[in-house]
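S.K.: Before I ask anything, let me first share the structure, which is written out below as structure tokens.
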Amino acid sequence: MTTEQDLSSAVLRGLKVVVVDYESGNLRSVAKALERAGVCPVVSGDPAELSNADAVVLPGVGAAGSAMKTLHRRGLIDPLRGFIESGKPFLGLCLGLQLLMERAEEGDVACLGVAPGRARRLPSNLKVPHMGWNLVEFTGSHPALREMPPKGYFYFVHSYYVDPEDAGLAVGFTEYGLRFCSVLAKGGLLATQFHPEKSGPLGLKLYRGFARHAAALAGGG
């Protein structure tokens, strides 16, 4: 007898979740975390893979300049913007959050421009990069965050933070020398400055929430 849980698991496994490969690291750990969340991700740098994806994950570590050059070289700029504009579930992680801004202070690089604002360097009086566990306070909502507690500790490794012009896009904050946006949401887009795949049970819960949200929009929830 097929149970509701069996059907839910089958729907998650049937989702096409694309993890974008643009030579900016941590692909394996992100893919493994998504697998633990119940989906079978596709890791690819092929723009065509985005056209029929149910959800897209843009991870990343490193410099905005080199990342944007690779996205341009691989023809991923317009497909990424188009996917986000479609309203389908999109998850940006660390550098994948910063690249959503209009510009990054590091080299004054033009980014994807999905959200007005800048990626700014953490203050010079702080130990940079900001590395380790820190508290995230969730102040807004997104379907993927429904089961998250109001506050929780997540793992960070970054030297820059996002400063969106629209303060309403920030749905989570963290303190490190200043109070900065560590979770951003806009339509189907969700992005975090921390690394959920390195953040234990709460990070896995975020991935599961994202996967279930994608399944619901795909007609399986």
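Identifiers for the structure tokens are assigned positionally: chains receive A, B, ... in sequence, residues are indexed from 1 per chain, and ligands are indexed from 1 in the order shown.
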Would you kindly return, as JSON, numbers by chain, each protein, DNA or RNA residue with an atom no farther than 6 Å from any atom of Ser159 (chain A), considering only C-alpha atoms and excluding same-chain residues fewer than 6 positions away?
M.R.: {"A": [121, 122, 128, 129]}
S.K.: The selected residues should be written to file as a PDB file, in the first residue's frame (atoms: C-alpha atoms).
M.R.:
```
ATOM      1  CA  ARG A 121      33.209  44.494   3.044  1.00  0.00           C
ATOM      2  CA  LEU A 122      32.918  43.876   6.764  1.00  0.00           C
ATOM      3  CA  VAL A 128      37.924  38.979   8.623  1.00  0.00           C
ATOM      4  CA  PRO A 129      36.746  36.618   7.346  1.00  0.00           C
TER       5      PRO A 129
END
```
S.K.: So that I can see what lies close to region 89-92 of chain A, please list as a list in words the residues with an atom at most 7 Å from it, counting only C-alpha atoms and leaving out residues fewer than 4 positions away in the same chain.
M.R.: Ala55, Val56, Val57, Leu58, Pro59, Ile84, Gly96, Leu97, Gly188, Leu189, Leu190, Ala191, Thr192 and Ala214 of chain A
S.K.: With N, CA and C atoms kept, could you save the residues just selected as a PDB file, in the first residue's frame?
M.R.:
```pdb
ATOM      1  N   ALA A  55      13.708  23.905  -9.447  1.00  0.00           N
ATOM      2  CA  ALA A  55      14.357  24.778  -8.464  1.00  0.00           C
ATOM      3  C   ALA A  55      15.832  24.876  -8.820  1.00  0.00           C
ATOM      4  N   VAL A  56      16.444  25.988  -8.404  1.00  0.00           N
ATOM      5  CA  VAL A  56      17.860  26.224  -8.693  1.00  0.00           C
ATOM      6  C   VAL A  56      18.556  26.666  -7.410  1.00  0.00           C
ATOM      7  N   VAL A  57      19.760  26.142  -7.214  1.00  0.00           N
ATOM      8  CA  VAL A  57      20.595  26.539  -6.080  1.00  0.00           C
ATOM      9  C   VAL A  57      21.886  27.140  -6.632  1.00  0.00           C
ATOM     10  N   LEU A  58      22.207  28.355  -6.174  1.00  0.00           N
ATOM     11  CA  LEU A  58      23.443  29.034  -6.575  1.00  0.00           C
ATOM     12  C   LEU A  58      24.343  29.128  -5.345  1.00  0.00           C
ATOM     13  N   PRO A  59      25.257  28.158  -5.177  1.00  0.00           N
ATOM     14  CA  PRO A  59      26.175  28.211  -4.036  1.00  0.00           C
ATOM     15  C   PRO A  59      27.344  29.121  -4.370  1.00  0.00           C
ATOM     16  N   ILE A  84      14.981  33.404 -11.920  1.00  0.00           N
ATOM     17  CA  ILE A  84      14.549  34.134 -10.726  1.00  0.00           C
ATOM     18  C   ILE A  84      13.281  34.931 -11.023  1.00  0.00           C
ATOM     19  N   GLY A  96      26.641  33.210  -3.421  1.00  0.00           N
ATOM     20  CA  GLY A  96      25.418  33.154  -4.223  1.00  0.00           C
ATOM     21  C   GLY A  96      24.360  34.146  -3.783  1.00  0.00           C
ATOM     22  N   LEU A  97      24.452  34.625  -2.548  1.00  0.00           N
ATOM     23  CA  LEU A  97      23.618  35.744  -2.096  1.00  0.00           C
ATOM     24  C   LEU A  97      24.214  37.057  -2.573  1.00  0.00           C
ATOM     25  N   GLY A 188      10.016  34.115  -5.178  1.00  0.00           N
ATOM     26  CA  GLY A 188      10.454  32.731  -5.013  1.00  0.00           C
ATOM     27  C   GLY A 188      11.889  32.599  -4.567  1.00  0.00           C
ATOM     28  N   LEU A 189      12.584  33.718  -4.459  1.00  0.00           N
ATOM     29  CA  LEU A 189      14.008  33.714  -4.123  1.00  0.00           C
ATOM     30  C   LEU A 189      14.219  33.712  -2.617  1.00  0.00           C
ATOM     31  N   LEU A 190      15.149  32.866  -2.185  1.00  0.00           N
ATOM     32  CA  LEU A 190      15.625  32.858  -0.804  1.00  0.00           C
ATOM     33  C   LEU A 190      17.140  32.760  -0.855  1.00  0.00           C
ATOM     34  N   ALA A 191      17.841  33.537  -0.044  1.00  0.00           N
ATOM     35  CA  ALA A 191      19.303  33.495  -0.067  1.00  0.00           C
ATOM     36  C   ALA A 191      19.840  33.729   1.331  1.00  0.00           C
ATOM     37  N   THR A 192      20.928  33.026   1.658  1.00  0.00           N
ATOM     38  CA  THR A 192      21.518  33.122   2.990  1.00  0.00           C
ATOM     39  C   THR A 192      23.008  33.437   2.903  1.00  0.00           C
ATOM     40  N   ALA A 214       9.494  23.665  -3.190  1.00  0.00           N
ATOM     41  CA  ALA A 214       9.588  23.388  -4.633  1.00  0.00           C
ATOM     42  C   ALA A 214       8.611  22.304  -5.049  1.00  0.00           C
TER      43      ALA A 214
END
```
S.K.: Calculated over only C-alpha atoms, which of the candidates A:Lys151, A:Arg146, A:Arg103, A:His72 has the smallest distance to Arg208 (chain A)?
M.R.: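 Smallest distance to Arg208 (chain A) is found for A:Arg146.
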S.K.: Output as JSON, numbers by chain all residues of region 55-207 of chain A that backbone DSSP marks as strand (DSSP E).
M.R.: {"A": [55, 56, 57, 58, 90, 91, 92, 93, 101, 102, 103, 104, 109, 110, 115, 116, 117, 118, 119, 120, 121, 130, 131, 132, 133, 134, 135, 136, 137, 138, 151, 152, 153, 154, 155, 156, 157, 158, 160, 161, 162, 163, 164, 170, 171, 172, 173, 174, 175, 179, 180, 181, 182, 183, 184, 185, 186, 189, 190, 191, 192]}
S.K.: Go ahead and write the residues just picked, C-alpha atoms, as a tab-separated table (two decimals), in the first residue's frame.
M.R.:
```tsv
chain	number	residue	atom	x	y	z
A	55	ALA	CA	14.36	24.78	-8.46
A	56	VAL	CA	17.86	26.22	-8.69
A	57	VAL	CA	20.59	26.54	-6.08
A	58	LEU	CA	23.44	29.03	-6.58
A	90	PHE	CA	15.77	29.77	-6.06
A	91	LEU	CA	18.28	29.42	-3.24
A	92	GLY	CA	21.45	31.52	-3.09
A	93	LEU	CA	24.21	30.60	-0.63
A	101	MET	CA	23.14	42.52	-5.64
A	102	GLU	CA	23.76	45.22	-8.25
A	103	ARG	CA	27.43	45.57	-7.38
A	104	ALA	CA	30.12	44.19	-5.07
A	109	VAL	CA	32.09	44.47	-9.81
A	110	ALA	CA	28.70	44.56	-11.53
A	115	ALA	CA	18.07	43.00	-5.84
A	116	PRO	CA	19.11	46.67	-5.66
A	117	GLY	CA	22.00	47.10	-3.27
A	118	ARG	CA	25.66	46.24	-2.73
A	119	ALA	CA	27.86	43.56	-1.26
A	120	ARG	CA	30.02	45.48	1.21
A	121	ARG	CA	33.21	44.49	3.04
A	130	HIS	CA	33.90	36.20	9.79
A	131	MET	CA	34.22	32.47	10.38
A	132	GLY	CA	32.28	30.15	12.65
A	133	TRP	CA	28.89	29.78	14.28
A	134	ASN	CA	26.70	32.82	14.81
A	135	LEU	CA	23.11	33.58	15.68
A	136	VAL	CA	20.55	34.28	12.95
A	137	GLU	CA	17.33	36.03	13.94
A	138	PHE	CA	14.52	35.42	11.47
A	151	LYS	CA	16.45	32.17	16.15
A	152	GLY	CA	19.20	29.64	15.53
A	153	TYR	CA	22.94	29.22	15.07
A	154	PHE	CA	24.41	28.73	11.59
A	155	TYR	CA	27.91	28.49	10.15
A	156	PHE	CA	29.48	31.52	8.41
A	157	VAL	CA	32.61	32.04	6.31
A	158	HIS	CA	32.63	35.44	4.60
A	160	TYR	CA	31.45	40.67	2.65
A	161	TYR	CA	27.80	41.15	3.53
A	162	VAL	CA	24.80	42.36	1.53
A	163	ASP	CA	23.24	45.77	2.03
A	164	PRO	CA	19.93	45.74	0.09
A	170	ALA	CA	15.93	41.23	4.66
A	171	VAL	CA	14.15	38.43	6.56
A	172	GLY	CA	17.06	37.42	8.81
A	173	PHE	CA	19.81	39.30	10.64
A	174	THR	CA	23.13	38.51	12.32
A	175	GLU	CA	25.42	40.57	14.58
A	179	ARG	CA	23.84	44.07	12.31
A	180	PHE	CA	23.71	42.76	8.75
A	181	CYS	CA	21.24	40.97	6.51
A	182	SER	CA	22.01	37.24	6.65
A	183	VAL	CA	18.78	36.02	4.99
A	184	LEU	CA	17.12	37.69	2.01
A	185	ALA	CA	13.82	36.83	0.33
A	186	LYS	CA	12.11	38.19	-2.77
A	189	LEU	CA	14.01	33.71	-4.12
A	190	LEU	CA	15.62	32.86	-0.80
A	191	ALA	CA	19.30	33.50	-0.07
A	192	THR	CA	21.52	33.12	2.99
```
S.K.: Out of A:Gly62, A:Gly14, A:Pro79, A:Gly107, which residue has the shortest atom-to-atom distance to Gly45 (chain A) when counting only C-alpha atoms?
M.R.: A:Pro79
S.K.: As a ChimeraX atom specification, please: every residue in region 81-139 of chain A that DSSP puts in helix (DSSP H, G or I).
M.R.: /A:81-86,95-98
S.K.: Excluding Asp21 (chain A) and any residue of its chain fewer than 6 positions from it, enumerate the residues within 10 Å of it, using only C-alpha atoms, and give them as a list in words.
M.R.: Leu27, Val42, Val43, Ser44, Gly45, Asp46, Val57, Leu58, Pro59, Gly60, Thr70, Leu71, Arg74 and Leu76 of chain A
S.K.: Calculate how many Å separate CA of Phe194 (chain A) from CA of Leu50 (chain A), rounding to one decimal.
M.R.: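 We find that CA of Phe194 (chain A) and CA of Leu50 (chain A) lie 24.0 Å from each other.
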S.K.: Can you pull out every residue within 12 Å of Asn52 (chain A), counting only C-alpha atoms, but drop anything in the same chain fewer than 6 positions away, and send it as an MDAnalysis selection string?
M.R.: chainID A and resid 15:18 42 46 79 82:83 86 88 218
S.K.: Could you please determine the separation between CA of Phe210 (chain A) and CA of Ser66 (chain A) in Å, to one decimal place?
M.R.: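 A separation of 27.8 Å between them.
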S.K.: What is the CA of Gly177 (chain A) to CA of Ser29 (chain A) distance in Å?
M.R.: 28.7 Å
